[in-house]
file upload_29.cif (mmCIF, C-alpha atoms)
data_coords
loop_
_atom_site.label_atom_id
_atom_site.label_comp_id
_atom_site.auth_asym_id
_atom_site.auth_seq_id
_atom_site.Cartn_x
_atom_site.Cartn_y
_atom_site.Cartn_z
CA MET A 1 33.99 14.02 14.88
CA THR A 2 30.51 15.34 14.10
CA ARG A 3 28.90 15.57 10.70
CA THR A 4 26.21 17.84 9.26
CA ILE A 5 22.65 16.53 9.47
CA SER A 6 19.21 17.87 8.52
CA ARG A 7 17.06 18.79 11.50
CA ILE A 8 13.28 19.18 11.21
CA ALA A 9 12.86 22.65 12.69
CA GLY A 10 9.19 23.21 11.90
CA VAL A 11 6.11 21.81 10.17
CA GLY A 12 3.16 23.59 8.57
CA ALA A 13 -0.05 22.71 6.75
CA TYR A 14 -2.86 24.27 4.77
CA LEU A 15 -6.22 22.98 3.53
CA PRO A 16 -8.57 25.01 1.30
CA GLY A 17 -11.73 26.30 2.92
CA ARG A 18 -14.20 24.41 0.75
CA VAL A 19 -15.07 20.96 2.14
CA MET A 20 -16.64 18.33 -0.10
CA THR A 21 -18.26 15.54 1.92
CA ASN A 22 -19.16 12.08 0.70
CA ALA A 23 -22.76 13.27 0.60
CA ASP A 24 -21.68 16.02 -1.78
CA MET A 25 -19.93 13.41 -3.94
CA CYS A 26 -23.20 11.50 -4.22
CA GLU A 27 -24.68 14.49 -6.05
CA ILE A 28 -21.88 14.35 -8.66
CA VAL A 29 -21.45 10.63 -9.35
CA GLU A 30 -23.36 7.44 -8.55
CA THR A 31 -21.85 6.40 -5.22
CA SER A 32 -22.65 6.36 -1.51
CA ASP A 33 -21.08 7.44 1.74
CA GLU A 34 -20.97 3.80 2.85
CA TRP A 35 -19.24 2.68 -0.38
CA ILE A 36 -16.54 5.35 -0.08
CA ARG A 37 -15.91 4.85 3.64
CA GLU A 38 -15.72 1.06 3.45
CA ARG A 39 -13.23 1.04 0.57
CA THR A 40 -11.11 4.08 1.39
CA GLY A 41 -11.80 5.40 4.90
CA ILE A 42 -12.39 8.86 3.40
CA HIS A 43 -15.18 11.01 4.85
CA GLU A 44 -14.45 14.34 3.17
CA ARG A 45 -11.89 16.22 1.09
CA HIS A 46 -10.95 19.89 0.56
CA ILE A 47 -11.23 21.56 -2.84
CA ALA A 48 -9.31 24.66 -3.89
CA ALA A 49 -11.41 27.70 -4.71
CA GLU A 50 -11.57 29.12 -8.21
CA GLY A 51 -8.34 31.05 -8.72
CA GLU A 52 -6.66 29.40 -5.74
CA LEU A 53 -3.46 27.85 -7.10
CA THR A 54 -1.03 25.17 -5.97
CA SER A 55 1.48 27.94 -5.20
CA ASP A 56 -1.08 29.66 -2.94
CA LEU A 57 -1.60 26.46 -0.94
CA GLY A 58 2.15 25.86 -0.75
CA THR A 59 2.85 29.42 0.36
CA HIS A 60 0.33 29.16 3.21
CA ALA A 61 1.89 25.88 4.40
CA ALA A 62 5.42 27.28 4.08
CA ARG A 63 4.59 30.35 6.17
CA ALA A 64 3.04 28.14 8.85
CA ALA A 65 6.16 25.93 8.91
CA LEU A 66 8.49 28.94 9.18
CA GLU A 67 6.39 30.34 12.02
CA HIS A 68 6.44 26.98 13.80
CA ALA A 69 10.22 26.86 13.39
CA GLY A 70 10.67 30.47 14.54
CA ILE A 71 12.66 31.18 11.38
CA SER A 72 12.26 34.09 8.96
CA ALA A 73 11.95 33.64 5.21
CA GLY A 74 15.19 35.55 4.88
CA ALA A 75 17.08 32.54 6.26
CA VAL A 76 15.80 30.14 3.57
CA ASP A 77 18.38 29.27 0.91
CA LEU A 78 16.63 26.30 -0.73
CA ILE A 79 13.01 25.60 -1.68
CA VAL A 80 12.04 22.19 -3.04
CA VAL A 81 8.39 21.74 -4.01
CA ALA A 82 6.89 18.32 -4.65
CA THR A 83 3.88 18.61 -6.93
CA ALA A 84 2.19 16.91 -9.87
CA THR A 85 -0.18 19.86 -10.33
CA PRO A 86 2.04 22.91 -10.90
CA ASP A 87 0.61 26.36 -11.54
CA LEU A 88 2.22 26.42 -14.98
CA THR A 89 4.23 24.09 -17.21
CA PHE A 90 7.08 26.44 -16.31
CA PRO A 91 8.46 28.19 -14.39
CA ALA A 92 8.65 25.84 -11.42
CA THR A 93 5.99 26.36 -8.77
CA ALA A 94 8.86 26.58 -6.26
CA THR A 95 10.04 29.82 -7.86
CA ILE A 96 6.53 31.27 -7.64
CA ILE A 97 6.38 30.37 -3.94
CA GLN A 98 9.88 31.83 -3.53
CA GLU A 99 8.59 35.17 -4.84
CA LYS A 100 5.43 35.05 -2.72
CA LEU A 101 7.53 34.47 0.42
CA GLY A 102 9.87 37.31 -0.48
CA VAL A 103 12.90 35.00 -0.66
CA GLU A 104 15.51 36.54 -2.97
CA GLN A 105 18.44 34.22 -2.32
CA GLY A 106 19.25 30.56 -2.88
CA ALA A 107 17.64 28.12 -5.29
CA ALA A 108 14.10 26.88 -5.87
CA PHE A 109 12.88 23.99 -8.02
CA ASP A 110 10.16 21.35 -8.30
CA VAL A 111 10.35 17.58 -7.87
CA HIS A 112 7.81 15.44 -9.74
CA ALA A 113 7.30 12.00 -8.19
CA VAL A 114 3.52 12.29 -7.67
CA CYS A 115 2.41 10.80 -4.32
CA SER A 116 6.02 9.95 -3.42
CA GLY A 117 7.03 13.52 -4.16
CA PHE A 118 7.43 14.64 -0.57
CA ILE A 119 9.80 11.76 0.24
CA TYR A 120 11.81 12.53 -2.91
CA ALA A 121 11.90 16.26 -2.08
CA LEU A 122 12.89 15.54 1.52
CA ALA A 123 15.78 13.32 0.36
CA THR A 124 16.89 15.96 -2.14
CA ALA A 125 16.96 18.79 0.39
CA ASP A 126 18.67 16.54 2.94
CA ASN A 127 21.46 15.81 0.46
CA PHE A 128 21.91 19.53 -0.29
CA ILE A 129 22.29 20.23 3.41
CA LYS A 130 24.66 17.32 4.02
CA ALA A 131 26.77 18.48 1.07
CA GLY A 132 27.03 21.96 2.57
CA GLN A 133 25.12 23.58 -0.31
CA ALA A 134 22.21 24.77 1.85
CA ARG A 135 21.68 25.65 5.50
CA CYS A 136 17.91 26.17 5.65
CA ALA A 137 15.52 24.40 3.28
CA LEU A 138 11.78 24.55 2.80
CA VAL A 139 10.40 21.22 1.63
CA ILE A 140 6.83 21.59 0.41
CA GLY A 141 4.24 19.14 -0.86
CA ALA A 142 1.38 21.00 -2.56
CA GLU A 143 -1.38 19.74 -4.84
CA THR A 144 -4.62 20.79 -6.53
CA PHE A 145 -5.60 17.35 -7.78
CA SER A 146 -9.20 18.50 -8.19
CA ARG A 147 -7.99 20.17 -11.42
CA ILE A 148 -6.94 16.87 -13.06
CA LEU A 149 -9.81 14.60 -11.95
CA ASP A 150 -12.44 13.12 -14.23
CA TRP A 151 -15.51 14.02 -12.18
CA GLU A 152 -17.52 11.35 -14.01
CA ASP A 153 -15.17 8.54 -12.91
CA ARG A 154 -16.40 7.49 -9.49
CA ALA A 155 -13.47 5.11 -9.00
CA THR A 156 -11.01 8.03 -8.84
CA CYS A 157 -12.79 11.34 -8.19
CA VAL A 158 -13.92 10.28 -4.71
CA LEU A 159 -10.33 9.60 -3.61
CA PHE A 160 -8.49 12.88 -4.03
CA GLY A 161 -8.42 16.33 -2.48
CA ASP A 162 -6.34 19.51 -2.45
CA GLY A 163 -3.89 20.68 0.20
CA ALA A 164 -0.32 21.50 1.13
CA GLY A 165 2.17 20.69 3.84
CA ALA A 166 5.71 21.87 4.50
CA VAL A 167 8.72 21.24 6.70
CA VAL A 168 11.71 23.43 7.46
CA LEU A 169 15.03 21.60 7.45
CA THR A 170 18.03 23.28 9.06
CA ALA A 171 21.65 22.20 9.16
CA GLY A 172 22.77 20.83 12.52
CA GLU A 173 25.38 18.61 14.06
CA GLU A 174 24.86 14.92 14.67
CA ALA A 175 25.86 15.36 18.30
CA GLU A 176 22.93 17.74 18.83
CA ASP A 177 20.11 15.89 17.09
CA GLU A 178 19.84 12.89 14.80
CA GLY A 179 17.39 14.69 12.52
CA LEU A 180 16.75 13.01 9.19
CA ILE A 181 18.45 9.65 9.68
CA ALA A 182 18.00 7.98 6.29
CA THR A 183 15.91 7.94 3.10
CA HIS A 184 15.30 5.18 0.58
CA LEU A 185 14.00 5.91 -2.94
CA ARG A 186 12.89 3.55 -5.70
CA SER A 187 11.07 3.64 -9.03
CA ASP A 188 10.00 1.25 -11.78
CA GLY A 189 8.62 2.67 -15.01
CA ARG A 190 7.19 -0.66 -16.12
CA PHE A 191 4.11 0.07 -14.01
CA ARG A 192 3.38 3.55 -15.37
CA ASP A 193 0.11 2.51 -17.02
CA LEU A 194 -1.44 1.57 -13.67
CA LEU A 195 -1.52 5.17 -12.42
CA TYR A 196 -1.07 8.11 -14.77
CA VAL A 197 -2.58 11.24 -16.32
CA ASP A 198 -3.68 10.83 -19.94
CA GLY A 199 -2.40 14.18 -21.17
CA GLY A 200 0.64 16.42 -21.29
CA PRO A 201 2.24 19.19 -23.39
CA SER A 202 4.44 16.83 -25.43
CA ALA A 203 2.10 13.85 -25.82
CA THR A 204 -1.32 15.45 -26.29
CA GLN A 205 -0.94 19.22 -25.73
CA THR A 206 -3.66 18.88 -23.06
CA VAL A 207 -3.69 18.68 -19.28
CA GLY A 208 -5.49 15.32 -19.19
CA HIS A 209 -7.18 13.42 -16.37
CA LEU A 210 -6.00 10.97 -13.76
CA ARG A 211 -6.42 7.29 -14.60
CA MET A 212 -5.85 4.42 -12.19
CA GLN A 213 -6.22 0.66 -11.93
CA GLY A 214 -6.99 0.74 -8.22
CA ASN A 215 -6.76 -2.97 -7.41
CA GLN A 216 -3.34 -3.26 -9.03
CA VAL A 217 -2.05 -0.13 -7.33
CA PHE A 218 -3.22 -1.47 -3.97
CA LYS A 219 -1.36 -4.76 -4.48
CA HIS A 220 1.89 -3.10 -5.48
CA ALA A 221 1.65 -0.39 -2.82
CA VAL A 222 1.60 -2.78 0.12
CA THR A 223 4.45 -5.00 -1.11
CA LYS A 224 6.73 -2.31 -2.52
CA ILE A 225 6.37 0.07 0.41
CA ALA A 226 6.94 -2.71 2.95
CA GLY A 227 10.07 -3.73 1.06
CA SER A 228 11.39 -0.16 0.97
CA ILE A 229 10.84 0.26 4.70
CA THR A 230 12.62 -3.01 5.42
CA GLU A 231 15.61 -1.86 3.34
CA LEU A 232 15.55 1.55 5.03
CA ALA A 233 15.64 -0.05 8.48
CA ALA A 234 18.65 -2.13 7.48
CA LEU A 235 20.36 0.91 5.97
CA SER A 236 19.84 3.00 9.09
CA GLY A 237 20.70 0.27 11.57
CA ARG A 238 17.33 0.72 13.29
CA GLU A 239 14.59 -1.78 14.03
CA ILE A 240 11.05 -1.14 12.76
CA ALA A 241 9.85 -2.02 16.26
CA ASP A 242 11.78 1.01 17.58
CA ILE A 243 9.71 3.62 15.76
CA ASP A 244 7.35 5.79 17.79
CA TRP A 245 5.11 6.89 14.91
CA PHE A 246 4.33 5.62 11.43
CA ILE A 247 3.23 8.48 9.13
CA PRO A 248 2.32 6.96 5.75
CA HIS A 249 1.08 8.58 2.57
CA GLN A 250 -2.64 9.09 3.13
CA ALA A 251 -3.90 7.32 0.01
CA ASN A 252 -6.37 4.84 1.39
CA GLU A 253 -7.04 3.56 4.90
CA ARG A 254 -6.79 -0.05 3.71
CA ILE A 255 -3.35 0.51 2.16
CA LEU A 256 -1.79 2.23 5.16
CA LEU A 257 -3.17 -0.36 7.56
CA GLY A 258 -2.11 -3.14 5.19
CA VAL A 259 1.49 -1.90 5.24
CA ALA A 260 1.41 -1.54 9.01
CA LYS A 261 0.11 -5.09 9.42
CA ARG A 262 2.71 -6.50 7.05
CA LEU A 263 5.49 -4.86 9.11
CA ASN A 264 3.91 -5.65 12.51
CA ILE A 265 3.48 -1.96 13.33
CA PRO A 266 0.76 -1.56 16.01
CA VAL A 267 -2.26 0.35 14.74
CA GLU A 268 -1.98 2.80 17.65
CA LYS A 269 1.34 3.98 16.18
CA VAL A 270 -0.20 4.78 12.79
CA VAL A 271 -1.05 8.43 12.04
CA SER A 272 -4.09 8.49 9.77
CA THR A 273 -5.71 11.70 8.51
CA VAL A 274 -7.10 10.36 5.24
CA ALA A 275 -10.66 10.55 6.59
CA ARG A 276 -10.68 14.33 6.63
CA HIS A 277 -8.77 15.26 3.49
CA GLY A 278 -8.56 12.19 1.23
CA ASN A 279 -5.53 11.55 -0.93
CA THR A 280 -3.65 14.85 -1.33
CA SER A 281 -0.74 13.20 -3.13
CA ALA A 282 2.60 14.88 -2.28
CA ALA A 283 0.93 16.97 0.44
CA SER A 284 -0.43 14.07 2.48
CA ILE A 285 2.61 13.14 4.60
CA PRO A 286 3.41 16.67 5.83
CA LEU A 287 -0.32 17.26 6.42
CA ALA A 288 -0.46 14.16 8.63
CA PHE A 289 2.86 15.07 10.30
CA GLU A 290 1.58 18.54 11.20
CA ALA A 291 -1.73 17.16 12.52
CA ALA A 292 0.06 14.69 14.80
CA ILE A 293 2.33 17.41 16.18
CA ALA A 294 -0.59 19.80 16.67
CA ASP A 295 -2.63 17.27 18.68
CA GLY A 296 0.35 16.32 20.83
CA ARG A 297 1.00 12.80 19.60
CA VAL A 298 4.36 13.43 17.95
CA LYS A 299 6.85 15.04 20.33
CA ARG A 300 10.47 16.13 20.11
CA GLY A 301 12.76 13.13 20.19
CA ASP A 302 10.23 10.74 18.67
CA LEU A 303 11.38 8.39 15.93
CA VAL A 304 9.14 8.89 12.89
CA LEU A 305 8.81 6.64 9.84
CA MET A 306 7.33 8.05 6.62
CA GLU A 307 6.53 6.28 3.32
CA ALA A 308 4.70 6.69 0.02
CA LEU A 309 4.05 5.19 -3.40
CA GLY A 310 3.03 7.17 -6.45
CA GLY A 311 2.59 7.01 -10.20
CA GLY A 312 5.60 5.93 -12.16
CA PHE A 313 5.75 3.81 -10.03
CA THR A 314 7.85 5.78 -7.58
CA TRP A 315 8.09 4.86 -3.93
CA GLY A 316 10.26 5.39 -0.90
CA ALA A 317 10.60 5.87 2.83
CA ALA A 318 12.27 8.24 5.28
CA LEU A 319 13.27 7.85 8.93
CA ALA A 320 13.68 10.89 11.16
CA ARG A 321 14.16 11.80 14.79
CA TYR A 322 11.80 14.73 15.28
#

call {"tool": "encode", "arguments": {"input": "upload_29.cif", "output": "structure tokens"}}
result
Amino acid sequence: MTRTISRIAGVGAYLPGRVMTNADMCEIVETSDEWIRERTGIHERHIAAEGELTSDLGTHAARAALEHAGISAGAVDLIVVATATPDLTFPATATIIQEKLGVEQGAAFDVHAVCSGFIYALATADNFIKAGQARCALVIGAETFSRILDWEDRATCVLFGDGAGAVVLTAGEEAEDEGLIATHLRSDGRFRDLLYVDGGPSATQTVGHLRMQGNQVFKHAVTKIAGSITELAALSGREIADIDWFIPHQANERILLGVAKRLNIPVEKVVSTVARHGNTSAASIPLAFEAAIADGRVKRGDLVLMEALGGGFTWGAALARY
């Protein structure tokens, strides 16, 4: 007897046209290209243009994913957008993207788990499909973090960029393709003061700026993500050694390599794109996924492991057969 599974039918990505290099950052804050590269691995990041919104980035990525999948927007019956930088307090950015795509059916809503948002959104859409409540879902990670950065804080403003990535999930049968095999989600609000934005409509009636205790986040990221992946492997009945590609959240080169080392994942299996777009929060995993498909590394049938940790803390992992 077969069961319904979520198949990754297509992947898309979008980065704004404006590129801000490390040299450009040196004109804004006291830093250096060497300092940024040594500590983060970041060479450049993309910044949304004036008037270019999170929904615009997400719409571009969604259209690219639909084209890659060979599926029309008319087939989409669920849109889940992971973002910490919505266009408006409400309505959900997902509904704005729904309108821009011309989708008039189904449901659309946002998921807010910051850098872990894409994993959370992927798990949510997967459960809708497995429950028979959706047949074709767009899962989008889209961010304009440049709008919430303190451009005088060199410890944080050099890390982040804007971008969007998307995947199309379609309902399939287990006998045809294993698709999304398992997801594992966790959170712990006790660590919220280590990575947060110091504003909001209820607390301060302001947007606020991102604040982070980088050394503490690094320590927790490596241990918590490694633990989540270990639990995911046990849950799925797979061995970590069996994965073909490790696609982590692109926060910091040291973090993603630290997790890989802790789990004995060979560096040649790690997909890293942080150098060219920095930390794009919820957008970073689908951006890296799309890049690895586009350059021919990730192929159909490959076993792909994804993970992330974000403010909250939230963290999690997903295992999929592409």

call {"tool": "residues_around", "arguments": {"input": "upload_29.cif", "residues": "stretch 92-105 of chain A", "least_positions_apart": "4", "cutoff": "9 Å", "atoms": "all atoms listed in the file", "output": "ChimeraX atom specification"}}
result
/A:54-56,58-59,62-63,73-83,86-88,109-110,140

call {"tool": "closest_atom_pairs", "arguments": {"input": "upload_29.cif", "of": "stretch 251-312 of chain A", "to": "stretch 19-35 of chain A", "cutoff": "12 Å", "atoms": "only C-alpha atoms", "output": "JSON lines"}}
result
{"residue": "A:Ala275", "atom": "CA", "partner": "A:Thr21", "partner_atom": "CA", "distance": 10.2}
{"residue": "A:Arg276", "atom": "CA", "partner": "A:Thr21", "partner_atom": "CA", "distance": 9.0}
{"residue": "A:His277", "atom": "CA", "partner": "A:Val19", "partner_atom": "CA", "distance": 8.6}
{"residue": "A:Gly278", "atom": "CA", "partner": "A:Met20", "partner_atom": "CA", "distance": 10.2}

call {"tool": "closest_residue", "arguments": {"input": "upload_29.cif", "among": "A:Cys157, A:Leu210, A:Ala226, A:Ala182", "to": "A:Leu303", "atoms": "only C-alpha atoms"}}
result
A:Ala182

call {"tool": "closest_atom_pairs", "arguments": {"input": "upload_29.cif", "of": "stretch 228-299 of chain A", "to": "stretch 185-209 of chain A", "cutoff": "12 Å", "atoms": "all atoms listed in the file", "output": "JSON lines"}}
result
{"residue": "A:Ser228", "atom": "CA", "partner": "A:Leu185", "partner_atom": "CA", "distance": 7.7}
{"residue": "A:Ile229", "atom": "CA", "partner": "A:Leu185", "partner_atom": "CA", "distance": 10.0}
{"residue": "A:Glu231", "atom": "CA", "partner": "A:Leu185", "partner_atom": "CA", "distance": 10.1}
{"residue": "A:Leu232", "atom": "CA", "partner": "A:Leu185", "partner_atom": "CA", "distance": 9.2}

call {"tool": "residues_around", "arguments": {"input": "upload_29.cif", "residues": "stretch 297-301 of chain A", "least_positions_apart": "2", "cutoff": "10 Å", "atoms": "only C-alpha atoms", "output": "ChimeraX atom specification"}}
result
/A:8,177-179,244-245,269,271,289-295,303-304,320-322

call {"tool": "atom_distance", "arguments": {"input": "upload_29.cif", "atom1": "atom CA of A:Leu257", "atom2": "atom CA of A:Gly17"}}
result
28.4 Å

call {"tool": "closest_residue", "arguments": {"input": "upload_29.cif", "among": "A:Ala107, A:Ala13, A:Leu235, A:Met212", "to": "A:Val167", "atoms": "only C-alpha atoms"}}
result
A:Ala13

call {"tool": "atom_distance", "arguments": {"input": "upload_29.cif", "atom1": "atom CA of A:Arg147", "atom2": "atom CA of A:Ala318"}}
result
28.8 Å

call {"tool": "residues_around", "arguments": {"input": "upload_29.cif", "residues": "A:Thr170", "least_positions_apart": "4", "cutoff": "8 Å", "atoms": "all atoms listed in the file", "output": "list in words"}}
result
Ser6, Arg7, Ile8, Ala9, Ile129, Arg135, Cys136 and Ala137 of chain A

call {"tool": "atom_distance", "arguments": {"input": "upload_29.cif", "atom1": "atom CA of A:Val139", "atom2": "atom CA of A:Gly165"}}
result
8.5 Å

call {"tool": "closest_residue", "arguments": {"input": "upload_29.cif", "among": "A:Ile225, A:Ala241, A:Arg39, A:Ile5", "to": "A:Ala134", "atoms": "only C-alpha atoms"}}
result
A:Ile5

call {"tool": "resolve_selection", "arguments": {"input": "upload_29.cif", "expression": "the PyMOL selection byres ((chain A and resi 261-264) around 8)", "output": "PDB file with C-alpha atoms, in the coordinates of the input"}}
result
ATOM      1  CA  VAL A 222       1.600  -2.780   0.120  1.00  0.00           C
ATOM      2  CA  ALA A 226       6.940  -2.710   2.950  1.00  0.00           C
ATOM      3  CA  ILE A 240      11.050  -1.140  12.760  1.00  0.00           C
ATOM      4  CA  ALA A 241       9.850  -2.020  16.260  1.00  0.00           C
ATOM      5  CA  LEU A 257      -3.170  -0.360   7.560  1.00  0.00           C
ATOM      6  CA  GLY A 258      -2.110  -3.140   5.190  1.00  0.00           C
ATOM      7  CA  VAL A 259       1.490  -1.900   5.240  1.00  0.00           C
ATOM      8  CA  ALA A 260       1.410  -1.540   9.010  1.00  0.00           C
ATOM      9  CA  ILE A 265       3.480  -1.960  13.330  1.00  0.00           C
ATOM     10  CA  PRO A 266       0.760  -1.560  16.010  1.00  0.00           C
ATOM     11  CA  VAL A 267      -2.260   0.350  14.740  1.00  0.00           C
TER      12      VAL A 267
END

call {"tool": "residues_around", "arguments": {"input": "upload_29.cif", "residues": "A:Ile36", "least_positions_apart": "5", "cutoff": "9 Å", "atoms": "all atoms listed in the file", "output": "PyMOL selection string"}}
result
chain A and resi 22+31+41-43+158-159

call {"tool": "closest_residue", "arguments": {"input": "upload_29.cif", "among": "A:Gly10, A:Ile181, A:Glu173, A:Ala164", "to": "A:Ser72", "atoms": "all atoms listed in the file"}}
result
A:Gly10

call {"tool": "build_atoms", "arguments": {"input": "upload_29.cif", "residues": "stretch 192-208 of chain A", "atoms": "N, CA, C and O atoms", "output": "compact mmCIF listing (two decimals), in the frame of the given file"}}
result
# COMPACT_ATOMS: atom_id res chain seq x y z
N ARG A 192 3.93 2.21 -15.18
CA ARG A 192 3.38 3.55 -15.37
C ARG A 192 1.92 3.57 -15.82
O ARG A 192 1.18 4.51 -15.53
N ASP A 193 1.48 2.52 -16.52
CA ASP A 193 0.11 2.51 -17.02
C ASP A 193 -0.93 2.19 -15.95
O ASP A 193 -2.13 2.24 -16.23
N LEU A 194 -0.49 1.87 -14.74
CA LEU A 194 -1.44 1.57 -13.67
C LEU A 194 -1.92 2.83 -12.95
O LEU A 194 -2.97 2.81 -12.30
N LEU A 195 -1.15 3.92 -13.08
CA LEU A 195 -1.52 5.17 -12.42
C LEU A 195 -0.85 6.31 -13.18
O LEU A 195 0.37 6.46 -13.12
N TYR A 196 -1.64 7.08 -13.91
CA TYR A 196 -1.07 8.11 -14.77
C TYR A 196 -2.12 9.17 -15.11
O TYR A 196 -3.30 9.02 -14.79
N VAL A 197 -1.68 10.23 -15.77
CA VAL A 197 -2.58 11.24 -16.32
C VAL A 197 -2.50 11.16 -17.83
O VAL A 197 -1.40 11.14 -18.40
N ASP A 198 -3.65 11.10 -18.50
CA ASP A 198 -3.68 10.83 -19.94
C ASP A 198 -3.54 12.09 -20.79
O ASP A 198 -4.23 12.28 -21.78
N GLY A 199 -2.65 12.97 -20.39
CA GLY A 199 -2.40 14.18 -21.17
C GLY A 199 -1.11 14.84 -20.75
O GLY A 199 -0.57 14.57 -19.67
N GLY A 200 -0.59 15.71 -21.59
CA GLY A 200 0.64 16.42 -21.29
C GLY A 200 1.05 17.25 -22.48
O GLY A 200 0.61 16.99 -23.61
N PRO A 201 1.89 18.28 -22.30
CA PRO A 201 2.24 19.19 -23.39
C PRO A 201 2.91 18.52 -24.57
O PRO A 201 2.69 18.91 -25.71
N SER A 202 3.72 17.49 -24.34
CA SER A 202 4.44 16.83 -25.43
C SER A 202 3.59 15.75 -26.10
O SER A 202 3.58 15.62 -27.32
N ALA A 203 2.86 14.99 -25.28
CA ALA A 203 2.10 13.85 -25.82
C ALA A 203 0.79 14.26 -26.48
O ALA A 203 0.45 13.80 -27.57
N THR A 204 0.03 15.13 -25.81
CA THR A 204 -1.32 15.45 -26.29
C THR A 204 -1.62 16.95 -26.36
O THR A 204 -2.67 17.34 -26.86
N GLN A 205 -0.73 17.77 -25.81
CA GLN A 205 -0.94 19.22 -25.73
C GLN A 205 -2.19 19.55 -24.90
O GLN A 205 -2.82 20.58 -25.10
N THR A 206 -2.54 18.65 -23.97
CA THR A 206 -3.66 18.88 -23.06
C THR A 206 -3.20 18.58 -21.63
O THR A 206 -2.15 17.99 -21.42
N VAL A 207 -4.00 18.98 -20.68
CA VAL A 207 -3.69 18.68 -19.28
C VAL A 207 -3.99 17.22 -18.97
O VAL A 207 -3.21 16.53 -18.33
N GLY A 208 -5.12 16.71 -19.42
CA GLY A 208 -5.49 15.32 -19.19
C GLY A 208 -6.13 15.08 -17.84
O GLY A 208 -6.24 15.99 -17.01
